[in-house]
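Note sheet for the following structure.
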Amino acid sequence: MSRHVCSVDDSRMNPLTSNNRALAERDLRHLWHPCTQMHDHLSIPMVPIVRGEGAWLIDADGRRYLDGISSWWTNLFGHANPRIGAALKAQLDTLEHVIFAGFTHEPAIELAEQLVRITPPGLDRVFLADNGSAAIEVALKMSFHYWLNQGHGEKTRFIALSGSYHGETLGALSVSDVALYRKTYAPLLLTPILAPSPDAYERETGESPEQFASRRLGELRSLLERHAHETSAVIVEPLVQCAGGMYHPSYLTGLRALCDEFNVHFIADEIAVGFGRTGTLFACEQAGVSPDFMCLSKGLTGGFLPLSAVLTTTQVYEAFYAEYNAGKAFLHSHSYTGNPLACRAALATLQIFRDEPVLERNRALAAHLARRLAPLRDHPNVAEVRQTGMIAAVELVQNQDTRQPFPADERRGLRVYLHGLEHGALLRPLGNVVYFMPPYVVTEAEIDHLVDVAIAGIQHAVRG
Ligand SMILES: *Cc1c(COP(=O)(O)O)cnc(C)c1O
């Protein structure tokens, strides 16, 4: 891998002719980027990418970066994947888009059929939207509206887990508990009922992740005893919370039982964990549960185009199905709902899952990643190395024994990011959590490169 990384450095030797620099300057004149304090770009380079190739991104000066986070968790089978690309090119000459109310098309029909087939049993209805947050909005509104149509308009609240992330539109942000994203907009948001997360990082010494999950289920039960009458749904990220917390599948089994007992919906946000990330095609499979709503996006199109889907049950569908004047129809629409190009990309992605032993290959890659990360467990600034399938995370702390975190304003994670850019890897820590979520086409040698860069970056970041 070092071959790719080292042979390309004319840009830094000859900055005046840098294409990167020229594009970055134009960018900063007009664009406003997400999740970014734009002022940072006085010192942090803006990286213009001109090409993608498998797990690699290539910038305008020819420097290569291994995409260790699948470009915000979207990419599965590599950048510019030729199979997905070919499917899209064929669709482009046929139908680019059509209104999705009153009209339909085969890519959406086929996609719905396939999603119903591959998701847990009972999820027989598919509502399409165009990004992850929109899918969350759909699930929240549909859950509330279901109860309303059943004569239970008082069920207006949602239970979310502490540390949850469900997106950043107002509804999705309402059920998210990441202080950085939430605090500023709190006056605009619904107030969720927060249940303590089963994130195994928070368990007592000597307590197993399963025992801890069981204890957290007890706490959820008391919340439901008090709030079920006003609660529409419990929403969770199955098994992995935004690459931060990870928890035992038994929590999901218990959650399913509690939702049944207390008559509230179970919304599974598989936007990040779906499509093989956790080792099974969907994370819920590891608990053997079917949620009432499952939200999918990100990997759905292999990382090519924005698309999302909310799957739900016949029972939910039928609560909306009535003569027009009964006024029970679901009210939600986006202009690009069911875009045929996006559906085509999704179909090509699912075809790859059928044609190739993806989950099996991922198991081998995940085991390799685990072996390579293992030495970090002894690092004095690492509190935990955790992994679920093709998601691994390293929790940096000031002190391994006390788990005293680094102050957020020291931006240790940012140092890892900058080190990565210098050494041919895209790592983008969340706060002080350095995580790995590479595309499934990554090789063991590429994982070695990623981990080597990360370890050196961590070494550099925890100093002084
Ligand atoms: C990314 C993400 C979302 C939001 O999806 P967007 O397409 O970014 O709006 C919601 N939930 C989870 C778990 C996610 O990872």
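Going through the structure tokens in order, the chains are called A, B, and so on, while each chain numbers its residues from 1 and the ligands are numbered from 1 in the order shown.
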**Message:** Excluding range 264-270 of chain A and its own-chain neighbours fewer than 5 positions away, which residues fall within 9 Å of it when counting only C-alpha atoms? Please give them as a PyMOL selection string.
**Reply:** chain A and resi 132+135-136+139-140+143+155+166+224+228-229+231-238+255-256+258-259+275+282-284+290-297
Shell around Ala346 in chain A at 8 Å using only C-alpha atoms, local window under 4 positions removed, as an mmCIF file with N, CA, C and O atoms, in the first residue's frame:
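What follows is the written file result-v5.cif:
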```cif
data_model
loop_
_atom_site.group_PDB
_atom_site.id
_atom_site.type_symbol
_atom_site.label_atom_id
_atom_site.label_comp_id
_atom_site.auth_asym_id
_atom_site.auth_seq_id
_atom_site.Cartn_x
_atom_site.Cartn_y
_atom_site.Cartn_z
ATOM 1 N N LEU A 111 -37.546 -3.618 -6.349
ATOM 2 C CA LEU A 111 -36.811 -3.360 -5.107
ATOM 3 C C LEU A 111 -37.684 -3.699 -3.894
ATOM 4 O O LEU A 111 -37.217 -4.325 -2.934
ATOM 5 N N LEU A 300 -27.894 0.954 1.117
ATOM 6 C CA LEU A 300 -28.967 0.472 0.241
ATOM 7 C C LEU A 300 -28.616 0.589 -1.240
ATOM 8 O O LEU A 300 -28.928 -0.303 -2.032
ATOM 9 N N THR A 301 -27.980 1.668 -1.639
ATOM 10 C CA THR A 301 -27.605 1.845 -3.047
ATOM 11 C C THR A 301 -26.116 1.573 -3.267
ATOM 12 O O THR A 301 -25.550 1.991 -4.272
ATOM 13 N N GLY A 302 -25.497 0.906 -2.334
ATOM 14 C CA GLY A 302 -24.066 0.644 -2.436
ATOM 15 C C GLY A 302 -23.235 1.918 -2.292
ATOM 16 O O GLY A 302 -22.033 1.907 -2.552
ATOM 17 N N ALA A 342 -31.931 5.593 -8.399
ATOM 18 C CA ALA A 342 -31.523 5.126 -7.074
ATOM 19 C C ALA A 342 -31.994 3.689 -6.854
ATOM 20 O O ALA A 342 -31.255 2.859 -6.308
ATOM 21 N N LEU A 350 -28.014 -5.291 -4.398
ATOM 22 C CA LEU A 350 -28.562 -6.550 -3.874
ATOM 23 C C LEU A 350 -28.124 -7.741 -4.728
ATOM 24 O O LEU A 350 -27.918 -8.845 -4.232
#
```
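If you measure from each of A:Trp56, A:Trp72, A:Trp147, A:Phe127 to ligand 1 using only C-alpha atoms and all ligand atoms, the closest one turns out to be A:Trp72.
Atom to atom, CA of Phe330 in chain A and CA of Glu285 in chain A stand 28.4 Å apart.
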**Request:** Extract the full set of helix (DSSP H, G or I) residues from range 93-217 of chain A according to DSSP on the backbone, and format it as a PyMOL selection string.
**Result:** chain A and resi 106-118+132-149+170-174+179-188+200-202+209-217
Output of the above residues as an mmCIF file, in the first residue's frame, restricted to C-alpha atoms:
```cif
data_model
loop_
_atom_site.group_PDB
_atom_site.id
_atom_site.type_symbol
_atom_site.label_atom_id
_atom_site.label_comp_id
_atom_site.auth_asym_id
_atom_site.auth_seq_id
_atom_site.Cartn_x
_atom_site.Cartn_y
_atom_site.Cartn_z
ATOM 1 C CA GLU A 106 -40.321 -1.587 -12.371
ATOM 2 C CA PRO A 107 -37.141 -0.691 -10.454
ATOM 3 C CA ALA A 108 -39.227 0.370 -7.424
ATOM 4 C CA ILE A 109 -41.556 -2.636 -7.700
ATOM 5 C CA GLU A 110 -38.647 -5.046 -7.978
ATOM 6 C CA LEU A 111 -36.811 -3.360 -5.107
ATOM 7 C CA ALA A 112 -39.856 -3.592 -2.819
ATOM 8 C CA GLU A 113 -40.250 -7.293 -3.655
ATOM 9 C CA GLN A 114 -36.609 -7.971 -2.876
ATOM 10 C CA LEU A 115 -36.528 -5.934 0.344
ATOM 11 C CA VAL A 116 -39.579 -7.792 1.648
ATOM 12 C CA ARG A 117 -37.863 -11.075 0.819
ATOM 13 C CA ILE A 118 -34.549 -10.319 2.549
ATOM 14 C CA GLY A 132 -31.880 8.377 6.121
ATOM 15 C CA SER A 133 -33.339 11.229 8.146
ATOM 16 C CA ALA A 134 -36.401 11.243 5.894
ATOM 17 C CA ALA A 135 -36.885 7.532 6.612
ATOM 18 C CA ILE A 136 -36.821 8.294 10.338
ATOM 19 C CA GLU A 137 -39.392 11.067 9.864
ATOM 20 C CA VAL A 138 -41.586 8.609 7.960
ATOM 21 C CA ALA A 139 -41.328 5.933 10.652
ATOM 22 C CA LEU A 140 -42.103 8.389 13.483
ATOM 23 C CA LYS A 141 -45.093 9.896 11.649
ATOM 24 C CA MET A 142 -46.387 6.516 10.520
ATOM 25 C CA SER A 143 -46.168 5.088 14.031
ATOM 26 C CA PHE A 144 -47.986 8.065 15.546
ATOM 27 C CA HIS A 145 -50.578 8.071 12.750
ATOM 28 C CA TYR A 146 -51.187 4.340 13.171
ATOM 29 C CA TRP A 147 -52.200 4.869 16.795
ATOM 30 C CA LEU A 148 -54.236 7.939 15.832
ATOM 31 C CA ASN A 149 -56.150 5.909 13.260
ATOM 32 C CA LEU A 170 -35.913 18.204 13.342
ATOM 33 C CA GLY A 171 -37.880 14.978 13.913
ATOM 34 C CA ALA A 172 -34.870 12.709 13.567
ATOM 35 C CA LEU A 173 -32.772 15.030 15.738
ATOM 36 C CA SER A 174 -35.558 14.959 18.343
ATOM 37 C CA ALA A 179 -25.200 16.592 22.608
ATOM 38 C CA LEU A 180 -23.092 18.275 19.916
ATOM 39 C CA TYR A 181 -25.852 18.034 17.315
ATOM 40 C CA ARG A 182 -28.795 18.420 19.633
ATOM 41 C CA LYS A 183 -27.988 21.137 22.160
ATOM 42 C CA THR A 184 -28.222 24.163 19.892
ATOM 43 C CA TYR A 185 -31.563 23.195 18.375
ATOM 44 C CA ALA A 186 -33.116 21.778 21.559
ATOM 45 C CA PRO A 187 -35.761 24.547 21.785
ATOM 46 C CA LEU A 188 -37.144 23.413 18.422
ATOM 47 C CA ALA A 200 -21.525 -2.362 26.961
ATOM 48 C CA TYR A 201 -18.855 0.316 27.625
ATOM 49 C CA GLU A 202 -20.968 1.479 30.550
ATOM 50 C CA PRO A 209 -22.637 -7.437 28.178
ATOM 51 C CA GLU A 210 -25.653 -9.757 28.370
ATOM 52 C CA GLN A 211 -26.220 -9.146 32.077
ATOM 53 C CA PHE A 212 -25.884 -5.427 31.449
ATOM 54 C CA ALA A 213 -28.416 -5.578 28.591
ATOM 55 C CA SER A 214 -30.802 -7.325 30.951
ATOM 56 C CA ARG A 215 -30.353 -4.625 33.599
ATOM 57 C CA ARG A 216 -31.017 -1.926 30.995
ATOM 58 C CA LEU A 217 -34.158 -3.778 29.890
#
```
**Item:** Sel. of strand (DSSP E) residues, range 250-346 of chain A, as an NGL selection string
**Value:** :A and (265-269 or 293-296 or 308-312)
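Minimum distance to ligand 1 across A:Arg26, A:Arg277, A:Lys328, A:His152 (counting only C-alpha atoms and all ligand atoms) occurs at A:Arg277.
Non-sequential neighbours of Gln400 in chain A (distance at most 10 Å, separation of 3 or more positions within a chain, only C-alpha atoms) are Arg377, Asp378, His379, Pro380, Asn381, Val382, Ala383, Glu384, Glu395, Leu396, Val397, Arg403, Gln404 and Pro405 of chain A.
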**Message:** Considering only C-alpha atoms and all ligand atoms, can you say which of A:Leu450, A:Ile458, A:Val240, A:Val385 comes closest to ligand 1?
**Reply:** A:Val240
**Request:** Quick one: pull the distance between CA of Glu422 in chain A and atom 12 (C, counted along the ligand's line) of ligand 1, Å, one decimal.
**Result:** 29.0 Å
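In this comparison, which uses only C-alpha atoms and all ligand atoms, the residue of A:Leu92, A:Met437, A:Leu66, A:Ala322 approaching ligand 1 most closely is A:Met437.
For the pair CA of His105 in chain A and CA of Arg344 in chain A, the interatomic distance is 10.7 Å.
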**Request:** For Gly299 in chain A, list every protein, DNA or RNA residue within 9 Å, evaluated using only C-alpha atoms, and leave out those in the same chain fewer than 3 positions away; present the list as a list in words.
**Result:** Trp73, Thr74, Asn75, Leu76, Ile271, Ala272, Val273, Gly274, Phe275, Leu296, Gly302, Gly303, Phe304, Ala346 and Thr349 of chain A
Residue contacts of range 331-337 of chain A (7 Å, only C-alpha atoms) excluding same-chain residues fewer than 4 positions away, as a CSV table (one decimal) with N, CA and C atoms, in the first residue's frame:
```
chain,number,residue,atom,x,y,z
A,100,PHE,N,-44.0,9.7,-8.1
A,100,PHE,CA,-44.3,8.4,-7.6
A,100,PHE,C,-45.7,8.3,-6.9
A,128,LEU,N,-41.0,4.4,0.3
A,128,LEU,CA,-39.7,4.9,-0.1
A,128,LEU,C,-39.5,6.4,0.2
A,129,ALA,N,-38.3,6.8,0.5
A,129,ALA,CA,-38.0,8.2,0.7
A,129,ALA,C,-36.6,8.4,0.1
A,130,ASP,N,-35.9,9.5,0.4
A,130,ASP,CA,-34.7,9.8,-0.3
A,130,ASP,C,-33.5,10.0,0.6
```
